[in-house]
file protein01.txt (compact mmCIF, C-alpha atoms and all ligand atoms)
# COMPACT_ATOMS: atom_id res chain seq x y z
CA MET N 1 5.59 -23.52 -1.61
CA THR N 2 7.77 -20.48 -0.95
CA MET N 3 7.03 -18.10 1.88
CA ASP N 4 5.84 -14.63 0.96
CA PRO N 5 6.81 -12.25 3.75
CA ARG N 6 3.70 -10.11 3.27
CA VAL N 7 1.07 -10.80 5.93
CA ILE N 8 -2.46 -10.76 4.51
CA GLY N 9 -5.44 -9.77 6.62
CA VAL N 10 -8.92 -10.96 5.69
CA VAL N 11 -11.87 -9.34 7.43
CA GLY N 12 -14.92 -11.61 7.32
CA ALA N 13 -14.69 -15.41 7.47
CA GLY N 14 -17.76 -16.16 5.35
CA ALA N 15 -17.89 -17.78 1.92
CA MET N 16 -15.64 -15.18 0.28
CA GLY N 17 -13.35 -14.34 3.22
CA ALA N 18 -12.49 -17.98 3.93
CA GLY N 19 -11.94 -18.58 0.20
CA ILE N 20 -9.60 -15.61 -0.12
CA ALA N 21 -7.71 -16.62 3.05
CA GLN N 22 -7.30 -20.12 1.58
CA VAL N 23 -5.81 -18.70 -1.63
CA ALA N 24 -3.34 -16.53 0.31
CA LEU N 25 -2.29 -19.40 2.62
CA ARG N 26 -1.80 -21.64 -0.40
CA HIS N 27 0.64 -19.07 -1.75
CA GLY N 28 2.81 -18.98 1.33
CA HIS N 29 1.44 -16.00 3.23
CA LYS N 30 0.78 -15.63 6.89
CA VAL N 31 -2.93 -14.80 7.09
CA VAL N 32 -4.97 -13.17 9.80
CA MET N 33 -8.67 -13.96 9.31
CA GLY N 34 -11.15 -12.11 11.49
CA ASP N 35 -14.90 -12.04 11.99
CA THR N 36 -17.31 -10.69 14.58
CA ASN N 37 -19.04 -14.06 14.77
CA ASP N 38 -17.14 -17.00 16.33
CA VAL N 39 -19.32 -19.56 14.58
CA ALA N 40 -18.33 -18.02 11.24
CA ILE N 41 -14.65 -18.09 12.23
CA ALA N 42 -14.83 -21.78 13.18
CA ARG N 43 -16.76 -22.59 9.99
CA GLY N 44 -14.30 -20.60 7.85
CA ARG N 45 -11.32 -22.35 9.40
CA ALA N 46 -12.93 -25.77 8.93
CA ALA N 47 -13.68 -24.99 5.28
CA ILE N 48 -10.03 -24.11 4.64
CA GLU N 49 -8.77 -27.21 6.44
CA LYS N 50 -11.15 -29.43 4.46
CA ALA N 51 -10.06 -27.84 1.18
CA PHE N 52 -6.39 -28.53 2.02
CA GLN N 53 -7.25 -32.13 2.95
CA ARG N 54 -8.86 -32.54 -0.47
CA GLU N 55 -5.68 -31.18 -2.08
CA VAL N 56 -3.66 -33.74 -0.12
CA GLU N 57 -5.98 -36.53 -1.33
CA LYS N 58 -5.49 -35.34 -4.90
CA GLN N 59 -1.70 -35.23 -4.27
CA ARG N 60 -1.50 -31.54 -5.03
CA MET N 61 -0.18 -30.87 -1.51
CA THR N 62 1.72 -33.01 0.97
CA ASP N 63 0.47 -33.54 4.51
CA ASP N 64 3.33 -31.37 5.76
CA GLN N 65 2.47 -28.55 3.38
CA ALA N 66 -1.18 -28.63 4.44
CA ALA N 67 -0.18 -28.58 8.11
CA SER N 68 2.26 -25.71 7.67
CA ALA N 69 -0.27 -23.70 5.64
CA MET N 70 -2.81 -24.14 8.47
CA ALA N 71 -0.12 -23.10 10.97
CA MET N 72 0.21 -19.80 9.11
CA LEU N 73 -3.44 -18.95 9.82
CA THR N 74 -4.26 -16.75 12.79
CA LEU N 75 -7.91 -16.36 13.75
CA ALA N 76 -9.18 -13.12 15.22
CA ASP N 77 -12.36 -12.02 16.94
CA THR N 78 -12.88 -8.55 15.47
CA SER N 79 -15.76 -7.70 17.82
CA ARG N 80 -12.89 -6.77 20.15
CA GLY N 81 -11.39 -4.42 17.55
CA MET N 82 -9.07 -4.57 14.57
CA ASP N 83 -5.75 -4.80 16.51
CA PRO N 84 -4.94 -8.29 15.14
CA PHE N 85 -4.53 -6.70 11.67
CA ALA N 86 -1.82 -4.28 12.88
CA GLY N 87 1.05 -6.22 11.27
CA CYS N 88 -0.63 -6.82 7.88
CA GLN N 89 0.75 -5.38 4.65
CA VAL N 90 -2.52 -5.97 2.78
CA VAL N 91 -6.01 -6.30 4.27
CA ILE N 92 -8.90 -7.60 2.15
CA GLU N 93 -12.35 -6.93 3.53
CA ALA N 94 -15.12 -9.46 2.76
CA ILE N 95 -17.85 -8.69 5.29
CA ILE N 96 -21.57 -8.09 4.87
CA GLU N 97 -22.54 -5.94 1.85
CA ARG N 98 -23.55 -2.84 3.85
CA LEU N 99 -21.93 0.51 3.21
CA ASP N 100 -22.18 1.80 6.80
CA ILE N 101 -20.59 -1.35 8.24
CA LYS N 102 -17.84 -1.44 5.62
CA GLN N 103 -17.05 2.26 6.22
CA GLN N 104 -16.87 1.65 9.96
CA SER N 105 -14.50 -1.29 9.41
CA PHE N 106 -12.20 0.70 7.13
CA ARG N 107 -12.00 3.51 9.66
CA ALA N 108 -11.20 1.04 12.42
CA LEU N 109 -8.56 -0.64 10.24
CA GLU N 110 -6.88 2.68 9.51
CA ASP N 111 -6.46 3.24 13.26
CA VAL N 112 -4.30 0.14 13.63
CA VAL N 113 -2.45 -0.61 10.37
CA SER N 114 0.74 1.11 9.27
CA ASP N 115 0.77 3.88 6.68
CA GLY N 116 1.91 1.62 3.86
CA THR N 117 -0.82 -1.01 4.33
CA ILE N 118 -3.11 -1.54 1.35
CA LEU N 119 -6.82 -1.78 2.19
CA ALA N 120 -8.94 -3.68 -0.33
CA THR N 121 -12.65 -4.41 -0.45
CA ASN N 122 -14.28 -7.41 -2.09
CA THR N 123 -17.58 -5.53 -2.51
CA SER N 124 -19.77 -6.59 -5.45
CA SER N 125 -22.07 -3.61 -5.59
CA LEU N 126 -20.85 -0.67 -3.51
CA SER N 127 -18.64 2.03 -4.97
CA ILE N 128 -14.98 2.10 -4.01
CA ALA N 129 -15.27 5.89 -3.78
CA SER N 130 -17.92 5.60 -1.06
CA ILE N 131 -15.73 3.30 1.05
CA ALA N 132 -12.45 5.14 0.43
CA GLY N 133 -14.22 8.47 0.98
CA VAL N 134 -14.31 7.95 4.77
CA CYS N 135 -10.62 6.99 4.98
CA ASP N 136 -7.74 9.28 5.96
CA ARG N 137 -5.65 7.78 3.17
CA PRO N 138 -8.02 7.02 0.29
CA GLU N 139 -5.00 6.53 -1.99
CA ARG N 140 -4.39 3.10 -0.38
CA VAL N 141 -7.96 1.83 -0.86
CA LEU N 142 -9.15 -0.19 -3.87
CA GLY N 143 -11.53 -2.93 -4.93
CA VAL N 144 -10.20 -6.46 -5.37
CA HIS N 145 -13.26 -8.38 -6.50
CA PHE N 146 -13.04 -12.17 -6.38
CA PHE N 147 -15.71 -14.51 -7.69
CA ASN N 148 -17.33 -17.34 -5.78
CA PRO N 149 -15.72 -19.78 -4.94
CA ALA N 150 -12.56 -17.68 -4.69
CA PRO N 151 -10.08 -20.62 -4.74
CA VAL N 152 -11.64 -21.95 -7.97
CA MET N 153 -12.69 -18.97 -10.04
CA PRO N 154 -9.68 -17.51 -11.88
CA LEU N 155 -10.92 -13.95 -12.40
CA VAL N 156 -10.30 -11.02 -10.08
CA GLU N 157 -11.46 -7.50 -10.98
CA ILE N 158 -9.07 -4.79 -9.79
CA VAL N 159 -11.01 -1.60 -9.18
CA PRO N 160 -9.19 1.63 -8.34
CA GLY N 161 -11.22 4.39 -6.73
CA LEU N 162 -10.90 7.97 -7.97
CA ARG N 163 -8.15 8.65 -5.45
CA THR N 164 -6.30 5.31 -5.42
CA SER N 165 -2.59 5.70 -6.14
CA PRO N 166 -1.23 3.89 -9.23
CA ALA N 167 1.49 2.28 -7.06
CA VAL N 168 -1.18 0.71 -4.83
CA VAL N 169 -3.06 -0.60 -7.88
CA ALA N 170 0.15 -2.08 -9.29
CA GLU N 171 1.11 -3.73 -6.01
CA ALA N 172 -2.34 -5.22 -5.40
CA ARG N 173 -2.56 -6.46 -8.96
CA GLY N 174 0.93 -7.98 -8.79
CA LEU N 175 0.03 -9.75 -5.55
CA VAL N 176 -3.16 -11.29 -6.97
CA ASP N 177 -1.45 -12.19 -10.27
CA GLY N 178 1.13 -14.01 -8.16
CA TRP N 179 -1.72 -16.09 -6.73
CA GLY N 180 -2.31 -17.44 -10.24
CA LYS N 181 -5.40 -15.35 -10.84
CA THR N 182 -6.35 -13.54 -14.04
CA THR N 183 -6.73 -9.88 -13.18
CA VAL N 184 -8.64 -7.29 -15.19
CA ALA N 185 -8.89 -3.56 -14.53
CA ALA N 186 -12.40 -2.15 -14.05
CA ALA N 187 -13.66 1.39 -13.52
CA ASP N 188 -15.51 2.12 -10.28
CA THR N 189 -18.99 1.76 -11.80
CA PRO N 190 -22.04 -0.33 -10.76
CA GLY N 191 -21.41 -4.07 -11.22
CA PHE N 192 -17.82 -3.38 -12.41
CA ILE N 193 -17.32 -5.56 -15.52
CA VAL N 194 -18.87 -8.99 -15.03
CA ASN N 195 -21.91 -8.15 -12.93
CA ARG N 196 -22.81 -5.38 -15.37
CA ILE N 197 -22.24 -7.12 -18.70
CA ALA N 198 -23.85 -10.40 -17.57
CA ARG N 199 -27.14 -8.75 -16.60
CA PRO N 200 -28.92 -9.35 -19.95
CA PHE N 201 -28.17 -13.08 -19.77
CA TYR N 202 -30.76 -13.16 -16.98
CA SER N 203 -32.94 -10.14 -17.65
CA GLU N 204 -33.38 -10.58 -21.41
CA ALA N 205 -34.20 -14.27 -20.89
CA LEU N 206 -36.81 -13.15 -18.35
CA ARG N 207 -38.09 -10.58 -20.83
CA VAL N 208 -38.47 -13.23 -23.55
CA TYR N 209 -40.47 -15.29 -21.03
CA ASP N 210 -42.50 -12.30 -19.75
CA ASP N 211 -43.31 -11.35 -23.36
CA GLY N 212 -44.83 -14.81 -23.77
CA GLU N 213 -42.39 -15.78 -26.51
CA ALA N 214 -41.20 -19.02 -24.98
CA ASP N 215 -41.31 -21.03 -21.75
CA MET N 216 -38.33 -21.25 -19.43
CA ALA N 217 -37.26 -24.76 -20.40
CA THR N 218 -37.18 -23.73 -24.06
CA ILE N 219 -35.14 -20.59 -23.34
CA ASP N 220 -32.70 -22.65 -21.26
CA TRP N 221 -32.46 -25.21 -24.05
CA ALA N 222 -31.77 -22.51 -26.66
CA MET N 223 -29.01 -20.86 -24.61
CA ARG N 224 -27.36 -24.22 -23.86
CA GLU N 225 -27.77 -26.07 -27.10
CA ILE N 226 -27.53 -23.22 -29.59
CA GLY N 227 -25.52 -20.70 -27.56
CA GLY N 228 -23.18 -23.23 -25.95
CA PHE N 229 -23.57 -21.80 -22.42
CA ARG N 230 -23.01 -24.36 -19.68
CA MET N 231 -26.35 -23.61 -18.05
CA GLY N 232 -29.48 -21.86 -19.25
CA PRO N 233 -30.39 -18.55 -17.58
CA PHE N 234 -33.28 -19.93 -15.49
CA GLU N 235 -31.26 -22.92 -14.30
CA LEU N 236 -28.40 -20.59 -13.49
CA MET N 237 -30.58 -18.10 -11.59
CA ASP N 238 -32.01 -21.02 -9.56
CA PHE N 239 -28.46 -22.19 -8.91
CA ILE N 240 -27.15 -18.78 -7.81
CA GLY N 241 -30.27 -18.13 -5.72
CA HIS N 242 -32.79 -15.34 -6.30
CA ASP N 243 -31.80 -13.59 -3.08
CA VAL N 244 -28.35 -13.02 -4.62
CA ASN N 245 -29.16 -12.77 -8.35
CA TYR N 246 -32.25 -10.56 -8.11
CA LEU N 247 -30.59 -8.22 -5.63
CA VAL N 248 -27.54 -7.75 -7.89
CA THR N 249 -29.87 -6.84 -10.78
CA GLU N 250 -31.85 -4.46 -8.60
CA SER N 251 -28.71 -2.83 -7.21
CA VAL N 252 -27.20 -2.26 -10.68
CA TRP N 253 -30.56 -0.86 -11.88
CA THR N 254 -30.93 1.59 -8.97
CA ALA N 255 -27.25 2.60 -9.14
CA MET N 256 -27.79 3.36 -12.85
CA TYR N 257 -30.56 5.83 -12.02
CA TYR N 258 -33.24 3.33 -13.10
CA ASP N 259 -31.94 2.92 -16.63
CA PRO N 260 -34.54 0.66 -18.38
CA ARG N 261 -31.70 -1.45 -19.77
CA TYR N 262 -31.13 -2.95 -16.32
CA LYS N 263 -34.75 -3.09 -15.14
CA PRO N 264 -35.44 -6.22 -13.06
CA SER N 265 -38.32 -8.61 -13.69
CA LEU N 266 -41.37 -8.86 -11.42
CA THR N 267 -41.47 -12.58 -12.21
CA GLN N 268 -38.15 -13.02 -10.41
CA LYS N 269 -39.04 -10.59 -7.63
CA ARG N 270 -42.15 -12.59 -6.75
CA LEU N 271 -40.05 -15.75 -6.35
CA LEU N 272 -37.78 -13.92 -3.93
CA GLU N 273 -40.77 -12.57 -1.99
CA ALA N 274 -42.30 -16.04 -1.83
CA GLY N 275 -39.06 -17.50 -0.46
CA LEU N 276 -38.62 -19.70 -3.53
CA LEU N 277 -34.92 -18.95 -3.78
CA GLY N 278 -33.95 -21.70 -6.21
CA ARG N 279 -32.09 -24.95 -5.66
CA LYS N 280 -31.24 -24.16 -2.06
CA SER N 281 -34.92 -23.90 -1.10
CA GLY N 282 -36.04 -26.82 -3.26
CA ARG N 283 -37.94 -24.61 -5.66
CA GLY N 284 -37.34 -21.55 -7.80
CA PHE N 285 -38.28 -21.31 -11.44
CA TYR N 286 -38.11 -25.10 -11.42
CA ASP N 287 -39.20 -27.62 -8.81
CA TYR N 288 -36.28 -29.61 -7.37
CA ALA N 289 -38.37 -31.94 -5.20
CA GLU N 290 -37.67 -35.64 -5.65
CA GLY N 291 -39.78 -37.01 -8.43
CA ALA N 292 -40.96 -33.57 -9.62
CA ALA N 293 -41.70 -33.52 -13.34
CA ARG N 294 -39.11 -31.67 -15.41
CA GLU N 295 -40.46 -29.23 -18.00
CA VAL N 296 -39.81 -30.31 -21.57
CA PRO N 297 -38.49 -27.69 -24.00
CA THR N 298 -39.91 -27.11 -27.44
CA THR N 299 -36.85 -27.85 -29.51
CA ASP N 300 -37.74 -25.85 -32.59
CA ARG N 301 -34.34 -24.80 -33.95
CA GLU N 302 -35.55 -21.65 -35.69
CA ALA N 303 -37.34 -20.35 -32.59
CA GLY N 304 -34.30 -21.30 -30.49
CA GLU N 305 -32.00 -19.32 -32.79
CA ARG N 306 -34.26 -16.27 -32.41
CA ILE N 307 -34.17 -16.47 -28.61
CA PHE N 308 -30.42 -16.99 -28.49
CA HIS N 309 -29.67 -14.11 -30.87
CA ARG N 310 -31.93 -11.73 -28.96
CA VAL N 311 -30.11 -12.44 -25.69
CA LEU N 312 -26.73 -12.36 -27.44
CA ALA N 313 -27.54 -8.99 -29.06
CA MET N 314 -28.17 -7.54 -25.59
CA LEU N 315 -24.99 -9.09 -24.16
CA VAL N 316 -22.78 -7.86 -27.01
CA ASN N 317 -24.41 -4.42 -26.77
CA GLU N 318 -23.58 -4.29 -23.06
CA ALA N 319 -19.98 -5.42 -23.72
CA ALA N 320 -19.58 -2.80 -26.46
CA ASP N 321 -21.02 -0.12 -24.18
CA ALA N 322 -18.59 -1.03 -21.38
CA VAL N 323 -15.73 -0.45 -23.85
CA HIS N 324 -17.39 2.72 -25.15
CA LEU N 325 -17.72 4.08 -21.60
CA ARG N 326 -14.12 3.05 -20.79
CA ILE N 327 -15.23 0.79 -17.94
CA ALA N 328 -12.67 -1.72 -19.21
CA SER N 329 -10.51 -2.34 -22.24
CA ALA N 330 -11.85 -4.64 -24.96
CA PRO N 331 -9.35 -7.44 -24.12
CA ASP N 332 -10.27 -7.20 -20.42
CA VAL N 333 -13.99 -7.39 -21.27
CA GLU N 334 -13.30 -10.57 -23.25
CA LEU N 335 -11.20 -12.09 -20.45
CA ALA N 336 -13.69 -11.12 -17.75
CA MET N 337 -16.64 -12.88 -19.37
CA THR N 338 -14.79 -16.03 -20.38
CA ARG N 339 -12.86 -16.46 -17.12
CA GLY N 340 -15.26 -14.88 -14.61
CA VAL N 341 -18.52 -16.49 -15.77
CA ASN N 342 -17.26 -19.15 -18.20
CA TYR N 343 -18.91 -17.78 -21.32
CA PRO N 344 -18.04 -20.00 -24.28
CA ARG N 345 -16.60 -17.06 -26.25
CA GLY N 346 -15.62 -13.46 -25.67
CA LEU N 347 -18.71 -11.35 -26.36
CA LEU N 348 -17.00 -8.86 -28.70
CA GLN N 349 -15.48 -11.64 -30.79
CA TRP N 350 -18.83 -13.41 -30.77
CA GLY N 351 -20.49 -10.20 -31.93
CA ASN N 352 -18.08 -9.99 -34.85
CA ALA N 353 -18.70 -13.62 -35.77
CA VAL N 354 -22.48 -13.13 -35.82
CA GLY N 355 -22.10 -9.68 -37.39
CA PRO N 356 -22.53 -6.26 -35.74
CA GLU N 357 -25.10 -5.33 -38.39
CA ARG N 358 -27.30 -8.31 -37.64
CA LEU N 359 -27.13 -7.61 -33.89
CA LEU N 360 -27.94 -3.93 -34.43
CA GLY N 361 -30.95 -5.00 -36.52
CA ILE N 362 -32.21 -7.19 -33.64
CA LEU N 363 -31.85 -4.33 -31.15
CA GLU N 364 -33.64 -1.92 -33.46
CA ALA N 365 -36.53 -4.35 -33.99
CA CYS N 366 -36.85 -4.86 -30.21
CA HIS N 367 -36.67 -1.09 -29.72
CA ALA N 368 -39.48 -0.56 -32.24
CA ALA N 369 -41.65 -2.96 -30.21
CA SER N 370 -40.65 -1.53 -26.76
CA PRO N 371 -39.35 2.01 -27.24
CA ASP N 372 -38.47 2.72 -23.60
CA GLY N 373 -34.69 2.89 -24.08
CA ARG N 374 -34.01 -0.66 -22.96
CA TYR N 375 -32.85 -1.71 -26.42
CA ARG N 376 -30.90 1.41 -27.36
CA PRO N 377 -27.76 0.40 -29.22
CA SER N 378 -24.37 1.35 -27.84
CA PRO N 379 -22.77 4.19 -29.84
CA LEU N 380 -19.79 1.88 -30.37
CA LEU N 381 -21.92 -0.85 -31.97
CA ARG N 382 -23.62 1.71 -34.20
CA ARG N 383 -20.29 3.26 -35.21
CA CYS N 384 -18.83 -0.14 -36.13
CA VAL N 385 -21.85 -0.85 -38.35
CA GLU N 386 -21.69 2.59 -40.00
CA ARG N 387 -17.97 2.29 -40.67
CA GLN N 388 -18.20 -1.42 -41.45
CA THR N 389 -15.43 -2.17 -38.98
CA PRO N 390 -15.41 -5.04 -36.46
CA LEU N 391 -15.95 -4.42 -32.77
CA PRO N 392 -12.60 -3.97 -30.98
CA THR N 393 -11.46 -7.12 -29.22
N1 LIG T 401 -20.95 -14.63 -2.31
C1 LIG T 401 -20.59 -14.19 -3.49
O1 LIG T 401 -20.94 -14.79 -4.54
C2 LIG T 401 -19.73 -12.97 -3.63
C3 LIG T 401 -18.93 -12.82 -4.75
C4 LIG T 401 -18.09 -11.70 -4.85
C5 LIG T 401 -18.10 -10.75 -3.84
N2 LIG T 401 -18.91 -10.92 -2.75
C6 LIG T 401 -18.85 -9.90 -1.68
O2 LIG T 401 -18.03 -10.39 -0.63
C7 LIG T 401 -18.50 -9.89 0.63
C8 LIG T 401 -18.79 -11.05 1.57
O3 LIG T 401 -19.73 -11.91 0.97
P1 LIG T 401 -19.94 -13.41 1.46
O4 LIG T 401 -20.76 -14.08 0.42
O5 LIG T 401 -18.65 -14.00 1.89
O6 LIG T 401 -20.85 -13.16 2.75
P2 LIG T 401 -21.05 -14.11 4.01
O7 LIG T 401 -22.36 -13.73 4.59
O8 LIG T 401 -20.78 -15.54 3.66
O9 LIG T 401 -19.87 -13.65 5.02
C9 LIG T 401 -19.80 -12.38 5.58
C10 LIG T 401 -19.10 -12.51 6.92
O10 LIG T 401 -18.82 -11.21 7.40
C11 LIG T 401 -19.00 -11.24 8.80
N3 LIG T 401 -19.17 -9.86 9.28
C12 LIG T 401 -20.26 -9.09 9.21
N4 LIG T 401 -19.99 -7.87 9.74
C13 LIG T 401 -18.70 -7.91 10.15
C14 LIG T 401 -17.83 -6.96 10.75
N5 LIG T 401 -18.26 -5.73 11.06
N6 LIG T 401 -16.56 -7.34 11.02
C15 LIG T 401 -16.12 -8.57 10.71
N7 LIG T 401 -16.91 -9.52 10.14
C16 LIG T 401 -18.17 -9.18 9.86
C17 LIG T 401 -20.19 -12.14 9.04
O11 LIG T 401 -20.21 -12.66 10.35
C18 LIG T 401 -19.95 -13.22 7.98
O12 LIG T 401 -19.22 -14.31 8.50
C19 LIG T 401 -19.68 -9.00 0.31
O13 LIG T 401 -19.21 -7.68 0.17
C20 LIG T 401 -20.16 -9.54 -1.04
O14 LIG T 401 -20.85 -8.56 -1.80
C21 LIG T 401 -19.71 -12.02 -2.60
call {"tool": "encode", "arguments": {"input": "protein01.txt", "output": "structure tokens"}}
result
Amino acid sequence: MTMDPRVIGVVGAGAMGAGIAQVALRHGHKVVMGDTNDVAIARGRAAIEKAFQREVEKQRMTDDQAASAMAMLTLADTSRGMDPFAGCQVVIEAIIERLDIKQQSFRALEDVVSDGTILATNTSSLSIASIAGVCDRPERVLGVHFFNPAPVMPLVEIVPGLRTSPAVVAEARGLVDGWGKTTVAAADTPGFIVNRIARPFYSEALRVYDDGEADMATIDWAMREIGGFRMGPFELMDFIGHDVNYLVTESVWTAMYYDPRYKPSLTQKRLLEAGLLGRKSGRGFYDYAEGAAREVPTTDREAGERIFHRVLAMLVNEAADAVHLRIASAPDVELAMTRGVNYPRGLLQWGNAVGPERLLGILEACHAASPDGRYRPSPLLRRCVERQTPLPT
């Protein structure tokens, strides 16, 4: 492990902050990790130490390397201010998802860091413009969006704000690439790439259920067995937790001015309201109590194919629209979905394999049944069908 002279600051020692600090320590940086809550700091430190111990057990690190990585970690109580970040070249913020608190933290950081320090936010749903907008030097602010757990998930979305300087984007991207991550460039739009394009995996599955077309176990079976996804949408929503998954859907929907394409499902909202958050509370769509009966899917192949293709049509449409709207390049869209959420294939390639014309036909049939705009085809998908060209990949 070679030392990297750049000192990395991480604000927030929660799930994401501790994970990001671990990645930076593992790559030879000195890291300052701060939080306003000492319990969170202690928990974050313990999580990093435990992760390094596991690496030692697996012989991916020696005892000495683990000890010297831990020695490079400085803990800071940021309720006393941001001074401990003064010597950092890059600071990554991973605190609570609240705009006012993030803005306050960025202002406080700017008071102590030097002019050349890059300030990054790990926000999932807030705009980079709204955070950078309160800074004296918005050109040094950008989004660096890791996925959970940060040490494991390879994808990082790099999100410049309107005023971020290209040199800052290049330096931040180079740094994260050097940590062995796969970086993709995303425009500063709701949900960036992954959290936008993945929405129909959940919401169209819910719509199939709400329309009374199939039960949850059957939809999960179709997406796993026919689609090749690792988990079905209902299992996955239960795994992520409805507090997180529903709120991401709702935030993308409201940020998109209530576009019907992103409309959440009341079925999921009721679970959240009832406190049935999924696996972590023992019950969500499914019951995880010991001995609880597991729903049995109806394994009718033809019906399963219909369900899978309807969800896939919505996913490919969303991927095509992200390219159409220049939210990301086609190759970055493919990388983001395969590396950020482990989709079995890139959606654009998948769309070409199934056939853009067939997918357009599915969207048009759904639109005829529910003409509220939810199923409107992306202009890019339509153009590819008209010109008989494949979707760009
Ligand atoms: N959890 C995920 O799956 C995930 C994935 C990608 C991005 N994110 C984003 O990362 C950020 C952090 O999420 P998380 O899941 O780690 O949350 P978390 O609740 O696990 O941790 C947040 C931490 O921030 C601390 N904090 C709150 N206000 C603070 C302040 N003013 N100064 C310093 N510390 C403060 C809290 O004490 C807590 O320890 C959020 O912006 C979230 O949207 C989360």
call {"tool": "residues_around", "arguments": {"input": "protein01.txt", "residues": "stretch 295-304 of chain N", "least_positions_apart": "6", "cutoff": "8 Å", "atoms": "all atoms listed in the file", "output": "ChimeraX atom specification"}}
result
/N:215-219,221-223,226
call {"tool": "closest_residue", "arguments": {"input": "protein01.txt", "among": "N:Glu57, N:Leu99, N:Thr74, N:Arg199", "to": "N:Val341", "atoms": "only C-alpha atoms"}}
result
N:Arg199
call {"tool": "closest_atom_pairs", "arguments": {"input": "protein01.txt", "of": "chain N", "to": "ligand LIG 401 (chain T)", "cutoff": "9 Å", "atoms": "all atoms listed in the file", "output": "JSON lines"}}
result
{"residue": "N:Val11", "atom": "CA", "partner": "T:LIG401", "partner_atom": "C15", "distance": 5.4}
{"residue": "N:Gly12", "atom": "CA", "partner": "T:LIG401", "partner_atom": "O10", "distance": 3.9}
{"residue": "N:Ala13", "atom": "CA", "partner": "T:LIG401", "partner_atom": "O12", "distance": 4.8}
{"residue": "N:Gly14", "atom": "CA", "partner": "T:LIG401", "partner_atom": "O9", "distance": 3.3}
{"residue": "N:Ala15", "atom": "CA", "partner": "T:LIG401", "partner_atom": "O5", "distance": 3.9}
{"residue": "N:Met16", "atom": "CA", "partner": "T:LIG401", "partner_atom": "O5", "distance": 3.6}
{"residue": "N:Gly17", "atom": "CA", "partner": "T:LIG401", "partner_atom": "O5", "distance": 5.5}
{"residue": "N:Ala18", "atom": "CA", "partner": "T:LIG401", "partner_atom": "O5", "distance": 7.6}
{"residue": "N:Gly19", "atom": "CA", "partner": "T:LIG401", "partner_atom": "O5", "distance": 8.3}
{"residue": "N:Gly34", "atom": "CA", "partner": "T:LIG401", "partner_atom": "C15", "distance": 6.2}
{"residue": "N:Asp35", "atom": "CA", "partner": "T:LIG401", "partner_atom": "N7", "distance": 3.7}
{"residue": "N:Thr36", "atom": "CA", "partner": "T:LIG401", "partner_atom": "C15", "distance": 4.6}
{"residue": "N:Asn37", "atom": "CA", "partner": "T:LIG401", "partner_atom": "O11", "distance": 4.8}
{"residue": "N:Asp38", "atom": "CA", "partner": "T:LIG401", "partner_atom": "O11", "distance": 8.0}
{"residue": "N:Val39", "atom": "CA", "partner": "T:LIG401", "partner_atom": "O12", "distance": 8.0}
{"residue": "N:Ala40", "atom": "CA", "partner": "T:LIG401", "partner_atom": "O12", "distance": 4.7}
{"residue": "N:Ile41", "atom": "CA", "partner": "T:LIG401", "partner_atom": "O12", "distance": 7.0}
{"residue": "N:Arg43", "atom": "CA", "partner": "T:LIG401", "partner_atom": "O12", "distance": 8.8}
{"residue": "N:Gly44", "atom": "CA", "partner": "T:LIG401", "partner_atom": "O12", "distance": 8.0}
{"residue": "N:Asp77", "atom": "CA", "partner": "T:LIG401", "partner_atom": "C15", "distance": 8.1}
{"residue": "N:Thr78", "atom": "CA", "partner": "T:LIG401", "partner_atom": "C15", "distance": 5.8}
{"residue": "N:Ser79", "atom": "CA", "partner": "T:LIG401", "partner_atom": "N6", "distance": 6.9}
{"residue": "N:Gly81", "atom": "CA", "partner": "T:LIG401", "partner_atom": "N6", "distance": 8.8}
{"residue": "N:Met82", "atom": "CA", "partner": "T:LIG401", "partner_atom": "N6", "distance": 8.7}
{"residue": "N:Glu93", "atom": "CA", "partner": "T:LIG401", "partner_atom": "C7", "distance": 7.4}
{"residue": "N:Ala94", "atom": "CA", "partner": "T:LIG401", "partner_atom": "C7", "distance": 4.0}
{"residue": "N:Ile95", "atom": "CA", "partner": "T:LIG401", "partner_atom": "O10", "distance": 3.4}
{"residue": "N:Ile96", "atom": "CA", "partner": "T:LIG401", "partner_atom": "C12", "distance": 4.6}
{"residue": "N:Glu97", "atom": "CA", "partner": "T:LIG401", "partner_atom": "O13", "distance": 4.1}
{"residue": "N:Arg98", "atom": "CA", "partner": "T:LIG401", "partner_atom": "O13", "distance": 7.5}
{"residue": "N:Ile101", "atom": "CA", "partner": "T:LIG401", "partner_atom": "N5", "distance": 5.7}
{"residue": "N:Lys102", "atom": "CA", "partner": "T:LIG401", "partner_atom": "N5", "distance": 6.9}
{"residue": "N:Gln104", "atom": "CA", "partner": "T:LIG401", "partner_atom": "N5", "distance": 7.6}
{"residue": "N:Ser105", "atom": "CA", "partner": "T:LIG401", "partner_atom": "N5", "distance": 6.0}
{"residue": "N:Thr121", "atom": "CA", "partner": "T:LIG401", "partner_atom": "O13", "distance": 7.4}
{"residue": "N:Asn122", "atom": "CA", "partner": "T:LIG401", "partner_atom": "O2", "distance": 5.0}
{"residue": "N:Thr123", "atom": "CA", "partner": "T:LIG401", "partner_atom": "O13", "distance": 3.8}
{"residue": "N:Ser124", "atom": "CA", "partner": "T:LIG401", "partner_atom": "O14", "distance": 4.3}
{"residue": "N:Ser125", "atom": "CA", "partner": "T:LIG401", "partner_atom": "O14", "distance": 6.4}
{"residue": "N:Leu126", "atom": "CA", "partner": "T:LIG401", "partner_atom": "O14", "distance": 8.1}
{"residue": "N:His145", "atom": "CA", "partner": "T:LIG401", "partner_atom": "C5", "distance": 6.0}
{"residue": "N:Phe146", "atom": "CA", "partner": "T:LIG401", "partner_atom": "C4", "distance": 5.3}
{"residue": "N:Phe147", "atom": "CA", "partner": "T:LIG401", "partner_atom": "C4", "distance": 4.7}
{"residue": "N:Asn148", "atom": "CA", "partner": "T:LIG401", "partner_atom": "O1", "distance": 4.6}
{"residue": "N:Pro149", "atom": "CA", "partner": "T:LIG401", "partner_atom": "O1", "distance": 7.2}
{"residue": "N:Ala150", "atom": "CA", "partner": "T:LIG401", "partner_atom": "C3", "distance": 8.0}
{"residue": "N:Ile240", "atom": "CA", "partner": "T:LIG401", "partner_atom": "O1", "distance": 8.1}
{"residue": "N:Val244", "atom": "CA", "partner": "T:LIG401", "partner_atom": "O1", "distance": 7.6}
